[in-house]
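Asks: File input_34.cif follows (mmCIF, C-alpha atoms):
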```cif
data_run
loop_
_atom_site.label_atom_id
_atom_site.label_comp_id
_atom_site.auth_asym_id
_atom_site.auth_seq_id
_atom_site.Cartn_x
_atom_site.Cartn_y
_atom_site.Cartn_z
CA MET G 1 27.37 13.78 -60.96
CA ALA G 2 28.14 12.90 -57.38
CA SER G 3 28.90 9.31 -58.33
CA HIS G 4 32.11 10.47 -60.02
CA ARG G 5 33.53 12.33 -57.02
CA ARG G 6 36.79 11.14 -55.67
CA THR G 7 37.45 11.12 -51.96
CA SER G 8 39.75 14.01 -51.17
CA PRO G 9 42.68 13.73 -48.75
CA ASN G 10 42.02 14.35 -45.07
CA GLY G 11 40.96 17.87 -44.91
CA LEU G 12 40.58 18.89 -42.59
CA ASP G 13 29.21 42.27 -24.48
CA ARG G 14 29.43 43.58 -24.93
CA THR G 15 30.47 45.60 -21.69
CA VAL G 16 28.30 44.56 -18.79
CA ARG G 17 27.45 47.72 -16.86
CA ALA G 18 27.26 46.32 -13.37
CA THR G 19 27.91 47.58 -9.87
CA VAL G 20 28.48 44.84 -7.35
CA LEU G 21 27.72 46.34 -3.96
CA SER G 22 29.75 43.92 -1.83
CA ALA G 23 33.45 43.38 -2.46
CA ALA G 24 35.59 40.98 -0.43
CA ALA G 25 39.36 41.00 -0.47
CA ALA G 26 39.40 37.28 0.29
CA SER G 27 37.45 36.44 -2.88
CA ALA G 28 39.78 38.65 -4.90
CA ALA G 29 42.70 36.61 -3.58
CA ALA G 30 40.88 33.45 -4.59
CA ALA G 31 40.45 34.88 -8.08
CA LEU G 32 44.18 35.40 -8.35
CA SER G 33 44.93 31.82 -7.39
CA ALA G 34 42.70 30.53 -10.19
CA PHE G 35 45.08 31.68 -12.95
CA PRO G 36 48.36 30.28 -14.16
CA ALA G 37 51.20 32.78 -14.13
CA GLY G 38 51.09 35.10 -17.12
CA ALA G 39 47.73 33.86 -18.40
CA GLU G 40 45.85 37.14 -17.93
CA PRO G 41 46.37 40.44 -16.03
CA ARG G 42 45.54 39.66 -12.44
CA PRO G 43 42.48 41.49 -11.06
CA THR G 44 42.92 42.91 -7.60
CA ASP G 45 39.20 43.12 -6.64
CA PRO G 46 35.81 41.97 -7.91
CA ALA G 47 35.32 45.15 -9.96
CA SER G 48 38.60 44.49 -11.76
CA ALA G 49 37.55 40.89 -12.29
CA ARG G 50 34.33 42.07 -13.95
CA THR G 51 36.30 44.41 -16.20
CA THR G 52 38.56 41.54 -17.22
CA VAL G 53 35.56 39.31 -17.91
CA ASP G 54 34.02 42.00 -20.09
CA ARG G 55 37.24 42.29 -22.07
CA LEU G 56 37.52 38.54 -22.45
CA TYR G 57 33.97 38.38 -23.77
CA ARG G 58 34.76 41.05 -26.34
CA GLU G 59 37.90 39.25 -27.43
CA ALA G 60 36.06 35.95 -27.59
CA GLU G 61 33.40 37.56 -29.76
CA ARG G 62 36.02 38.82 -32.19
CA ALA G 63 37.54 35.35 -32.35
CA THR G 64 34.06 33.87 -32.83
CA GLU G 65 33.48 36.02 -35.91
CA LYS G 66 36.85 34.92 -37.28
CA PHE G 67 35.84 31.32 -36.63
CA ASN G 68 32.55 31.92 -38.42
CA ALA G 69 34.37 33.48 -41.38
CA ALA G 70 36.77 30.55 -41.65
CA GLY G 71 33.88 28.09 -41.45
CA GLU G 72 31.98 29.91 -44.17
CA ARG G 73 35.07 29.99 -46.38
CA SER G 74 35.56 26.26 -45.83
CA ARG G 75 31.97 25.61 -46.89
CA ARG G 76 32.42 27.59 -50.11
CA LEU G 77 35.72 25.88 -50.87
CA ARG G 78 34.19 22.47 -50.29
CA GLU G 79 31.42 23.26 -52.78
CA GLN G 80 33.95 24.50 -55.34
CA LEU G 81 36.10 21.42 -54.83
CA ASP G 82 33.13 19.11 -55.28
CA ARG G 83 32.28 20.78 -58.57
CA LEU G 84 35.88 20.55 -59.75
CA GLN G 85 36.09 16.88 -58.80
CA ASP G 86 32.93 16.22 -60.77
CA ARG G 87 34.44 17.94 -63.80
CA VAL G 88 37.67 15.97 -63.44
CA ALA G 89 35.75 12.70 -63.26
CA ARG G 90 33.69 13.55 -66.33
CA GLY G 91 36.80 14.73 -68.16
CA GLN G 92 38.61 11.50 -67.36
CA GLU G 93 35.67 9.50 -68.68
CA GLY G 94 35.76 11.51 -71.90
CA VAL G 95 39.50 10.97 -72.28
CA ASN G 96 39.04 7.26 -71.72
CA ARG G 97 36.36 7.10 -74.41
CA MET G 98 38.56 8.97 -76.88
CA ARG G 99 41.52 6.72 -76.13
CA GLY G 100 39.32 3.69 -76.68
CA ALA G 101 38.07 4.99 -80.01
CA LEU G 102 41.57 5.82 -81.17
CA GLY G 103 42.81 2.44 -80.04
CA ALA G 104 40.13 0.73 -82.11
CA LEU G 105 41.09 2.83 -85.09
CA ALA G 106 44.74 1.95 -84.59
CA GLY G 107 43.88 -1.73 -84.42
CA ALA G 108 41.98 -1.55 -87.63
CA GLN G 109 44.88 0.26 -89.26
CA TYR G 110 47.28 -2.38 -88.09
CA ARG G 111 45.17 -5.19 -89.46
CA SER G 112 44.81 -3.44 -92.78
CA GLY G 113 48.42 -2.66 -93.49
CA GLY G 114 50.93 -2.14 -90.75
CA VAL G 115 51.74 0.46 -88.14
CA THR G 116 52.19 4.05 -89.19
CA PRO G 117 53.59 6.94 -87.14
CA GLY G 118 49.99 7.79 -86.36
CA VAL G 119 49.56 4.51 -84.49
CA THR G 120 52.62 5.26 -82.41
CA LEU G 121 51.09 8.62 -81.57
CA ILE G 122 47.77 7.00 -80.66
CA LEU G 123 49.41 4.54 -78.30
CA SER G 124 51.70 7.12 -76.72
CA GLU G 125 51.10 7.96 -73.06
CA ASP G 126 52.13 11.55 -73.81
CA PRO G 127 50.49 12.82 -77.03
CA ASP G 128 51.65 16.36 -76.28
CA GLY G 129 55.25 15.28 -76.09
CA TYR G 130 55.01 13.20 -79.20
CA LEU G 131 53.42 15.99 -81.20
CA ASP G 132 56.09 18.39 -79.99
CA LYS G 133 58.83 16.06 -81.17
CA ALA G 134 57.50 14.93 -84.51
CA ALA G 135 55.45 16.69 -87.15
CA THR G 136 53.31 13.67 -87.93
CA LEU G 137 49.90 15.22 -88.42
CA GLU G 138 50.59 15.55 -92.15
CA ARG G 139 51.36 11.81 -92.38
CA ILE G 140 48.30 10.41 -90.64
CA GLY G 141 44.74 10.44 -91.80
CA HIS G 142 42.42 13.40 -91.45
CA GLN G 143 40.13 11.51 -89.07
CA GLN G 144 42.97 10.54 -86.78
CA ALA G 145 44.37 14.06 -86.75
CA GLY G 146 41.04 15.54 -85.67
CA GLN G 147 40.56 12.96 -82.95
CA LEU G 148 44.08 13.46 -81.70
CA ARG G 149 43.65 17.21 -81.48
CA THR G 150 40.45 16.67 -79.50
CA LEU G 151 42.25 14.27 -77.17
CA GLN G 152 45.14 16.68 -76.76
CA SER G 153 42.78 19.51 -75.80
CA ALA G 154 40.87 17.24 -73.39
CA LEU G 155 44.10 16.17 -71.69
CA ARG G 156 45.18 19.78 -71.23
CA THR G 157 41.80 20.70 -69.74
CA LEU G 158 41.92 17.69 -67.45
CA ARG G 159 45.39 18.62 -66.26
CA GLN G 160 44.27 22.20 -65.51
CA GLN G 161 41.22 20.97 -63.60
CA ARG G 162 43.34 18.63 -61.51
CA GLU G 163 45.71 21.49 -60.68
CA GLN G 164 42.74 23.67 -59.68
CA ALA G 165 41.35 20.89 -57.49
CA SER G 166 44.73 20.45 -55.82
CA GLY G 167 44.86 24.19 -55.11
CA LYS G 168 41.36 24.13 -53.61
CA LEU G 169 42.36 21.22 -51.38
CA THR G 170 45.28 23.27 -50.07
CA GLU G 171 43.04 26.30 -49.45
CA LEU G 172 40.47 24.11 -47.71
CA ALA G 173 43.10 22.65 -45.39
CA GLU G 174 44.35 26.15 -44.53
CA SER G 175 40.82 27.41 -43.85
CA ARG G 176 40.05 24.47 -41.59
CA ALA G 177 43.30 25.02 -39.70
CA ALA G 178 42.40 28.70 -39.23
CA ALA G 179 38.95 27.72 -37.90
CA ALA G 180 40.59 25.34 -35.42
CA ARG G 181 42.94 28.09 -34.20
CA HIS G 182 40.09 30.57 -33.71
CA LYS G 183 38.04 27.91 -31.92
CA LYS G 184 40.87 27.35 -29.43
CA THR G 185 41.11 31.11 -28.87
CA VAL G 186 37.39 31.37 -28.12
CA GLN G 187 37.47 28.41 -25.78
CA ARG G 188 40.51 29.75 -23.94
CA LYS G 189 39.00 33.23 -23.46
CA LEU G 190 35.68 31.85 -22.25
CA ALA G 191 37.34 29.36 -19.89
CA THR G 192 39.36 32.18 -18.33
CA ALA G 193 36.22 34.31 -17.95
CA ARG G 194 34.43 31.40 -16.26
CA ARG G 195 37.29 30.91 -13.82
CA LEU G 196 37.20 34.60 -12.93
CA LEU G 197 33.45 34.53 -12.34
CA ASN G 198 33.67 31.32 -10.34
CA ALA G 199 36.30 32.92 -8.09
CA LEU G 200 33.77 35.54 -6.98
CA SER G 201 31.66 34.86 -3.91
CA PRO G 202 28.09 33.59 -4.49
CA ASP G 203 26.66 37.01 -3.55
CA GLU G 204 29.00 38.76 -5.97
CA ARG G 205 28.13 36.37 -8.79
CA ASP G 206 24.42 36.86 -8.15
CA ALA G 207 24.80 40.64 -8.17
CA TYR G 208 26.82 40.42 -11.40
CA ALA G 209 24.16 38.28 -13.04
CA ARG G 210 21.34 40.57 -11.88
CA SER G 211 23.06 43.70 -13.12
CA SER G 212 23.83 42.15 -16.51
CA ARG G 213 20.22 41.05 -16.89
CA ASP G 214 18.99 44.50 -15.88
CA VAL G 215 20.79 46.04 -18.85
CA GLY G 216 18.57 44.20 -21.28
CA ARG G 217 15.01 42.95 -21.27
CA LEU G 218 13.54 39.67 -22.44
CA GLY G 219 10.65 41.56 -23.92
CA GLY G 220 9.18 45.00 -23.75
CA LEU G 221 8.51 46.12 -27.31
CA PRO G 222 4.87 45.70 -28.30
CA GLY G 223 3.60 43.29 -30.88
CA THR G 224 5.07 40.52 -33.00
CA GLY G 225 3.59 41.48 -36.34
CA GLN G 226 5.05 43.77 -38.95
CA ALA G 227 7.16 46.53 -37.47
CA PRO G 228 5.77 50.01 -38.09
CA GLY G 229 8.16 51.95 -40.23
CA ALA G 230 10.13 48.96 -41.48
CA SER G 231 11.92 49.74 -44.73
CA SER G 232 10.48 46.71 -46.51
CA GLY G 233 8.41 43.59 -46.04
CA ARG G 234 11.53 41.46 -45.75
CA ALA G 235 12.95 43.75 -43.04
CA ALA G 236 9.68 43.46 -41.12
CA ALA G 237 9.74 39.66 -41.51
CA ALA G 238 13.33 39.48 -40.27
CA LEU G 239 12.46 41.57 -37.22
CA THR G 240 9.49 39.32 -36.51
CA ALA G 241 11.81 36.31 -36.58
CA ALA G 242 14.29 38.03 -34.25
CA ARG G 243 11.45 38.78 -31.81
CA GLN G 244 10.55 35.12 -31.82
CA ALA G 245 14.14 34.29 -30.84
CA VAL G 246 14.11 36.57 -27.78
CA GLY G 247 14.96 34.42 -24.76
CA ALA G 248 17.07 31.91 -26.69
CA PRO G 249 20.55 31.32 -25.24
CA TYR G 250 23.75 32.75 -26.62
CA ALA G 251 26.10 30.09 -28.00
CA TRP G 252 29.19 31.01 -29.96
CA GLY G 253 29.35 29.67 -33.48
CA GLN G 254 25.59 28.96 -33.56
CA ALA G 255 23.05 30.34 -36.03
CA GLY G 256 19.81 28.89 -34.65
CA PRO G 257 17.24 27.78 -34.35
CA GLY G 258 17.75 27.04 -30.64
CA ALA G 259 20.83 29.14 -29.85
CA PHE G 260 22.71 32.00 -31.48
CA ASP G 261 25.78 34.15 -31.52
CA CYS G 262 25.33 37.76 -32.63
CA SER G 263 25.72 37.34 -36.38
CA GLY G 264 24.07 33.93 -36.27
CA LEU G 265 20.90 35.57 -34.96
CA THR G 266 20.76 38.25 -37.65
CA GLN G 267 21.59 35.80 -40.43
CA TRP G 268 18.92 33.38 -39.20
CA ALA G 269 16.34 36.17 -38.93
CA TYR G 270 16.93 37.28 -42.50
CA GLN G 271 16.94 33.69 -43.72
CA ARG G 272 13.47 33.35 -42.22
CA ALA G 273 12.55 36.40 -44.31
CA GLY G 274 13.91 34.73 -47.45
CA VAL G 275 17.04 36.89 -47.65
CA ALA G 276 20.60 35.49 -47.64
CA ILE G 277 23.16 37.64 -45.84
CA PRO G 278 26.77 36.76 -44.88
CA ARG G 279 27.55 34.74 -41.78
CA THR G 280 29.81 37.26 -40.05
CA SER G 281 29.08 40.68 -38.55
CA GLN G 282 31.80 42.20 -40.73
CA GLY G 283 30.24 40.67 -43.82
CA GLN G 284 26.78 41.83 -42.79
CA ARG G 285 28.05 45.39 -42.54
CA GLY G 286 28.37 45.35 -46.32
CA ALA G 287 25.18 43.41 -47.03
CA GLY G 288 23.16 46.42 -48.12
CA ALA G 289 22.97 50.18 -48.17
CA GLN G 290 24.49 52.01 -45.21
CA VAL G 291 22.30 54.69 -43.63
CA PRO G 292 22.84 57.20 -40.81
CA LEU G 293 21.76 56.10 -37.36
CA SER G 294 19.25 58.97 -37.36
CA GLN G 295 17.52 57.27 -40.31
CA ALA G 296 17.55 53.73 -38.91
CA ARG G 297 14.33 51.82 -39.39
CA PRO G 298 13.09 48.56 -37.89
CA GLY G 299 14.86 45.60 -39.46
CA ASP G 300 18.09 47.44 -40.18
CA LEU G 301 21.34 45.85 -39.01
CA VAL G 302 23.33 47.82 -36.42
CA VAL G 303 27.03 46.92 -36.43
CA TYR G 304 29.16 47.80 -33.40
CA ARG G 305 32.80 48.62 -32.67
CA ALA G 306 35.38 49.81 -35.16
CA ASP G 307 36.19 46.23 -36.13
CA GLY G 308 32.51 45.37 -36.71
CA SER G 309 32.68 42.46 -34.28
CA HIS G 310 29.08 42.72 -32.99
CA VAL G 311 25.76 43.10 -34.77
CA ALA G 312 22.11 43.53 -33.75
CA ILE G 313 18.81 44.12 -35.52
CA TYR G 314 17.08 47.45 -34.96
CA ALA G 315 13.64 47.03 -33.39
CA GLY G 316 12.54 50.69 -33.36
CA ASN G 317 11.99 53.01 -30.40
CA GLY G 318 15.74 53.22 -29.81
CA GLN G 319 16.04 49.47 -29.15
CA VAL G 320 17.83 46.54 -30.79
CA ILE G 321 17.52 42.79 -30.47
CA HIS G 322 20.77 40.87 -30.21
CA ALA G 323 22.57 37.86 -28.79
CA PRO G 324 24.82 39.60 -26.21
CA TYR G 325 27.51 37.26 -24.84
CA PRO G 326 27.98 33.83 -23.19
CA GLY G 327 25.59 33.19 -20.34
CA ALA G 328 23.06 35.74 -21.60
CA ARG G 329 19.98 35.29 -23.77
CA VAL G 330 18.72 37.00 -26.88
CA ARG G 331 17.16 40.23 -25.68
CA TYR G 332 16.32 43.90 -26.26
CA ASP G 333 18.90 46.55 -25.40
CA PRO G 334 19.34 50.28 -26.13
CA VAL G 335 20.74 50.90 -29.59
CA GLY G 336 23.58 52.96 -28.07
CA MET G 337 24.75 50.15 -25.76
CA MET G 338 28.24 50.30 -27.35
CA PRO G 339 29.99 52.33 -30.07
CA ILE G 340 28.15 52.00 -33.40
CA SER G 341 30.21 51.33 -36.50
CA SER G 342 27.44 51.45 -39.11
CA VAL G 343 23.77 50.84 -39.86
CA THR G 344 23.04 48.62 -42.84
CA ARG G 345 19.74 48.11 -44.65
CA PRO G 346 19.73 44.74 -46.46
#
```
So, in terms of structure tokens, how does the structure I just supplied come out?
Replies:
Amino acid sequence: MASHRRTSPNGLDRTVRATVLSAAAASAAAALSAFPAGAEPRPTDPASARTTVDRLYREAERATEKFNAAGERSRRLREQLDRLQDRVARGQEGVNRMRGALGALAGAQYRSGGVTPGVTLILSEDPDGYLDKAATLERIGHQQAGQLRTLQSALRTLRQQREQASGKLTELAESRAAAARHKKTVQRKLATARRLLNALSPDERDAYARSSRDVGRLGGLPGTGQAPGASSGRAAAALTAARQAVGAPYAWGQAGPGAFDCSGLTQWAYQRAGVAIPRTSQGQRGAGAQVPLSQARPGDLVVYRADGSHVAIYAGNGQVIHAPYPGARVRYDPVGMMPISSVTRP
């Protein structure tokens, strides 16, 4: 019953394996001048700058997954809060109806012969307190006693629901604040990486871009139909969707259809297959049965690094499809491109 809702208070990489052939000391000095003191370790040459960029991308990806987790938690809390607010509104309506009925009964009692202790109880703003202070149920009529007990129970339930709603509002505010903090972290890391790359000479930036593109391919595995050897029809459908996303840009915090981060791609692909999996790479690690890498089949999820901060979808033939890092596009890469944490079969 959305019409009863009350307005709540304001609530709220991967490592690029590149070898740049030309290195200029002058451009390295320019890179150093682009950073405020203490912002990041200062690279002394273009190779060091690339290493720093790679690290910043990894750190930004970890922060992105934390941002995604906080956003998903906020969504769930918002849904829970909406349901609680609906219950509170319906409960208040019920209490109001019971108060009205009891008031009518009290009026009739008054007109027929004066005010009894039961009327005082009916008109009390605090039936619980009154009942605790005076044993009046024996002195009022059976009908009134039953109605009063019902009202008392309804008021207790309403009070509990309001307390639960207040708690959810607090949790929602905390989750939104966490998302805002992680967003700032991502933006800061990526801005620093951009400044480092921009401090390189044009030739060095071009070589960096070429070498990063050479690691992956925007195609190369045959066919777009069902993957041979997929563990299930849904896994084959998810892989088909991921193949269709090859070439789409990486964008942190995005889950399609036009741009993706790593877990956004895999979640979107499985959504297209009719399967709901968690939003984050860490959550997706537990979204099915874990299997050894030697038994990986097309459509399985390959989770990377000990902290599970990157995920890809296995495409067969020793390849995965994934959204790599900012500035890159969804592409194929070797399954062993970075340390593997687990392989999950949804």
Asks: Exactly which residues make up the result of the PyMOL selection byres ((chain G and resi 239) around 9) on this file, given as a count of residues only?
Replies: 26
Asks: CA of Arg329 (chain G) and CA of Leu265 (chain G) are how many Å apart?
Replies: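 Result for CA of Arg329 (chain G) versus CA of Leu265 (chain G): 11.2 Å, one decimal.
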Asks: Using all atoms listed in the file, can you tell me which of G:Arg181, G:Lys189, G:Arg305, G:Arg205 comes closest to Asp54 (chain G)?
Replies: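 So, comparing all the options, the nearest one is G:Lys189.
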Asks: Of the residues G:Ser201, G:Gln267, G:Thr192, G:Gln187, which is the one nearest to Thr64 (chain G), using only C-alpha atoms?
Replies: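 Among the listed residues, G:Gln187 lies closest to Thr64 (chain G).
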Asks: Between G:Ala289, G:Ala328, G:Ala248, G:Ala154, single out the one closest to Asn96 (chain G), counting all atoms listed in the file.
Replies: G:Ala154
Asks: Selection in question (the file shown): the PyMOL selection byres ((chain G and resi 156) around 12). Which residues does it include, as a list of chain:residue names?
Replies: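 This file gives the following for the PyMOL selection byres ((chain G and resi 156) around 12): G:Val88, G:Gly91, G:Gln92, G:Val95, G:Asp126, G:Pro127, G:Asp128, G:Arg149, G:Thr150, G:Leu151, G:Gln152, G:Ser153, G:Ala154, G:Leu155, G:Thr157, G:Leu158, G:Arg159, G:Gln160, G:Gln161, G:Arg162, G:Glu163.
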Asks: Which residue, G:Arg83, G:Arg279, G:Arg194, G:His310, has the smallest gap to Ser342 (chain G) when you use only C-alpha atoms?
Replies: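 Nearest to Ser342 (chain G): G:His310.
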Asks: Work out how far apart CA of Cys262 (chain G) and CA of Ala323 (chain G) are and give it in Å to one decimal.
Replies: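 Going from CA of Cys262 (chain G) over to CA of Ala323 (chain G), I get 4.7 Å.
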